[in-house]
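Just below is one structure, and these are the notes that go with it.
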Amino acid sequence: MTQKKKDLLEIVLIYIIIGIAGVLSYRFIQTKDIEWDLLIADLVMTVVSFIFSLLKKNSSVYDAFWSVIPFYFVLLFAVELYSYLDWKQWVFFLVVSLWSWRLTLSWARGWAGFHHEDFRYVDLAKQSGKMYPFVNFLGIHLFPTLMVFGCFWPALWIIGPEPKFEWLFYIGSLISIVGIWLELQADNELAKFRRRPNPKTEDLLDSGIWGQIRYPNYLGEMLFWLGVFVSGIAYRAPLYTGVGVVALILMFFFISIPMKDKRMASRREGYEEYKKNVPMVIPRIFKKS
């Protein structure tokens with residue numbers, strides 16, 4: 001067995017323990033409000049993930065949390081409410097599951113193992129010094145947890161009564177599916193690019209979807225969660241439950257994309273020219289001749 005396979009097996013066991021901690025929290029810390037019950041369980045799982053990050057001395061233990069936790073939630077709903085669910089709710093659970101499985105598989109395919117840590121975490125550790133344990137928990141663990149929970153928030157209404165605007169549910173589901181397809185297509189093109197013969201560090205993927213927009217995965221992620229929000233609105237979710245997807249979009253545009261652009265420019269020759277010619281997330285309908 002290779003070291004990566006051993007590390008993957010270990011990370012699977014870690015997430016099983018994280019999931020058990022969430023279930024126990026959900027069972028024994030009851031507020032009689034599903035929003036608070038799920039949030040508390042989510043926070044408990046975040047703390048357990050943080051503990052494992054400290055034990056492994058690698059904050060990338062948390063990286064799969066983003067995609068795994070929403071699947072834990074829909075799995076919980078499916079087990080607890082299966083006799084009350086109609087086909088539309090099962091469709092929604094399937095859509096979330098497809099998103100979760102795709103993103104988790106993409107993470108597993110690209111993860112090098114415990115010897116590797118996300119460059120952003122390494123940079124934060126250097127910048128924050130002795131304050132890193134606090135930055136680690138608040139910035140790398142707690143903040144993304146709250147963001148994903150905020151994005152998932154509208155979904156809590158989907159387990160309720162019949163939708164008020166059924167047509168809106170179909171539109172939301174379609175938006176989410178388009179987002180999943182976009183991310184899957186981008187992943188496949190990137191995986192093929194990484195297997196190219198005679199690779200060079202300065203090579204750029206500038207064909208296919210990556211030739212239309214620089215961040216197709218981010219666009220897919222935004223579309224998926226926007227679709228969840230629209231589906232939730234169909235089931236009477238309040239408009240304020242869209243705060244999560246708004247925060248996600250702001251994070252991508254003002255934090256993630258600038259950081260990635262800066263890193264790519266420092267590592268890829270010709271990236272500045274690529275950046276000028278290829279928009280961030282919205283493809284140009286009319287290109288300059």
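Naming works like this for the structure tokens: A, B, ... for the chains as they're shown, residue 1 at the start of each chain, ligands 1 onward in shown order.
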
How close does segment 62-145 of chain A get to segment 33-52 of chain A? List, as a tab-separated table, each residue of segment 62-145 of chain A within 10 Å, its nearest atom pair and the distance in Å to one decimal, counting only C-alpha atoms.
residue	atom	partner	partner_atom	distance
A:Tyr62	CA	A:Ser49	CA	6.1
A:Asp63	CA	A:Ser49	CA	9.7
A:Phe65	CA	A:Ser49	CA	8.2
A:Ile69	CA	A:Asp42	CA	7.8
A:Pro70	CA	A:Asp42	CA	9.8
A:Tyr72	CA	A:Asp42	CA	9.8
A:Phe73	CA	A:Leu38	CA	7.9
A:Pro133	CA	A:Phe50	CA	9.9
A:Asn136	CA	A:Phe50	CA	8.4
A:Phe137	CA	A:Phe50	CA	6.7
A:Ile140	CA	A:Phe50	CA	9.1
A:His141	CA	A:Thr46	CA	6.5
A:Leu142	CA	A:Thr46	CA	6.8
A:Pro144	CA	A:Thr46	CA	9.6
A:Thr145	CA	A:Thr46	CA	7.0

For the residues selected in the previous step, produce a file with C-alpha atoms as a CSV table (one decimal), in the first residue's frame.
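To be explicit, this is the file written out as again27.csv:
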chain,number,residue,atom,x,y,z
A,62,TYR,CA,-10.1,20.2,7.5
A,63,ASP,CA,-10.1,20.5,3.7
A,65,PHE,CA,-15.0,19.2,5.7
A,69,ILE,CA,-20.7,18.0,6.1
A,70,PRO,CA,-23.7,18.9,3.8
A,72,TYR,CA,-23.9,14.3,6.5
A,73,PHE,CA,-26.9,16.6,6.9
A,133,PRO,CA,-3.3,28.6,16.8
A,136,ASN,CA,-6.0,28.4,12.6
A,137,PHE,CA,-9.2,27.7,14.6
A,140,ILE,CA,-9.2,28.0,8.8
A,141,HIS,CA,-11.8,26.0,10.7
A,142,LEU,CA,-14.6,28.1,12.2
A,144,PRO,CA,-15.5,28.1,6.6
A,145,THR,CA,-17.8,26.0,8.8

List the neighbours of Arg284 of chain A out to 12 Å using only C-alpha atoms; skip same-chain residues closer than 3 positions along the sequence, and give me the result as a PyMOL selection string.
-> chain A and resi 211-214+277-281+287-288

Would you kindly return, as a short mmCIF file (atom, residue, chain, number, x, y, z; two decimals) with C-alpha atoms, in the first residue's frame, each protein, DNA or RNA residue with an atom no farther than 8 Å from any atom of Phe93 of chain A, considering only C-alpha atoms and excluding same-chain residues fewer than 5 positions away?
data_model
loop_
_atom_site.label_atom_id
_atom_site.label_comp_id
_atom_site.auth_asym_id
_atom_site.auth_seq_id
_atom_site.Cartn_x
_atom_site.Cartn_y
_atom_site.Cartn_z
CA VAL A 74 -28.93 15.22 4.03
CA LEU A 75 -28.04 11.68 5.15
CA ALA A 78 -32.98 10.85 4.85
#

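Our summary of the geometry notes that atom CA of Gln127 of chain A is positioned 18.5 Å from atom CA of Ser266 of chain A.
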
Find the residues near Ile175 of chain A: any atom within 8 Å, counting only C-alpha atoms, skip ones fewer than 4 places away on the same chain, and give them as a PyMOL selection string.
-> chain A and resi 171+179+223-224+226-227

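Nearest-residue note for Glu162 of chain A: choosing from A:Ala186, A:Leu85, A:Met131, A:Leu55, the minimum distance belongs to A:Leu85, counting only C-alpha atoms.
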
Quick one: DSSP alpha helix (DSSP H) residues in segment 67-146 of chain A, as number ranges by chain?
-> A: 67-81, 87-110, 119-128, 132-135, 143-146

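The interatomic distance for the pair atom CA of Leu103 of chain A and atom CA of Ser67 of chain A works out to 6.1 Å.
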
Polymer residues at most 12 Å from Glu269 of chain A, only C-alpha atoms, same-chain spacing of 4 or more positions, as a PyMOL selection string | chain A and resi 200-205+263-265+273-275

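Closest approach to Ile233 of chain A among A:Pro283, A:Pro199, A:Pro258, A:Pro163: A:Pro163, based on only C-alpha atoms.
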
Excluding segment 234-236 of chain A and residues on its chain fewer than 3 positions from it, collect all residues at most 8 Å away from it, counting only C-alpha atoms, and give them as a VMD selection string.
-> chain A and resid 157 to 158 160 to 169 230 to 231

List the neighbours of Arg102 of chain A out to 9 Å using only C-alpha atoms; skip same-chain residues closer than 4 positions along the sequence, and give me the result as number ranges by chain.
-> A: 67, 97-98, 106-107, 180, 183-184

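Using only C-alpha atoms, the shortest contact distance between Val91 of chain A and any of A:Ile20, A:Gly270, A:Ile177, A:Gly129 is found at A:Ile177.
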
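Separating atom CA of Tyr215 of chain A from atom CA of Leu248 of chain A is a distance of 14.3 Å.
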
Nearest to Trp99 of chain A by atom-to-atom distance, counting only C-alpha atoms, from A:Val79, A:Leu239, A:Val228, A:Leu156 = A:Val228
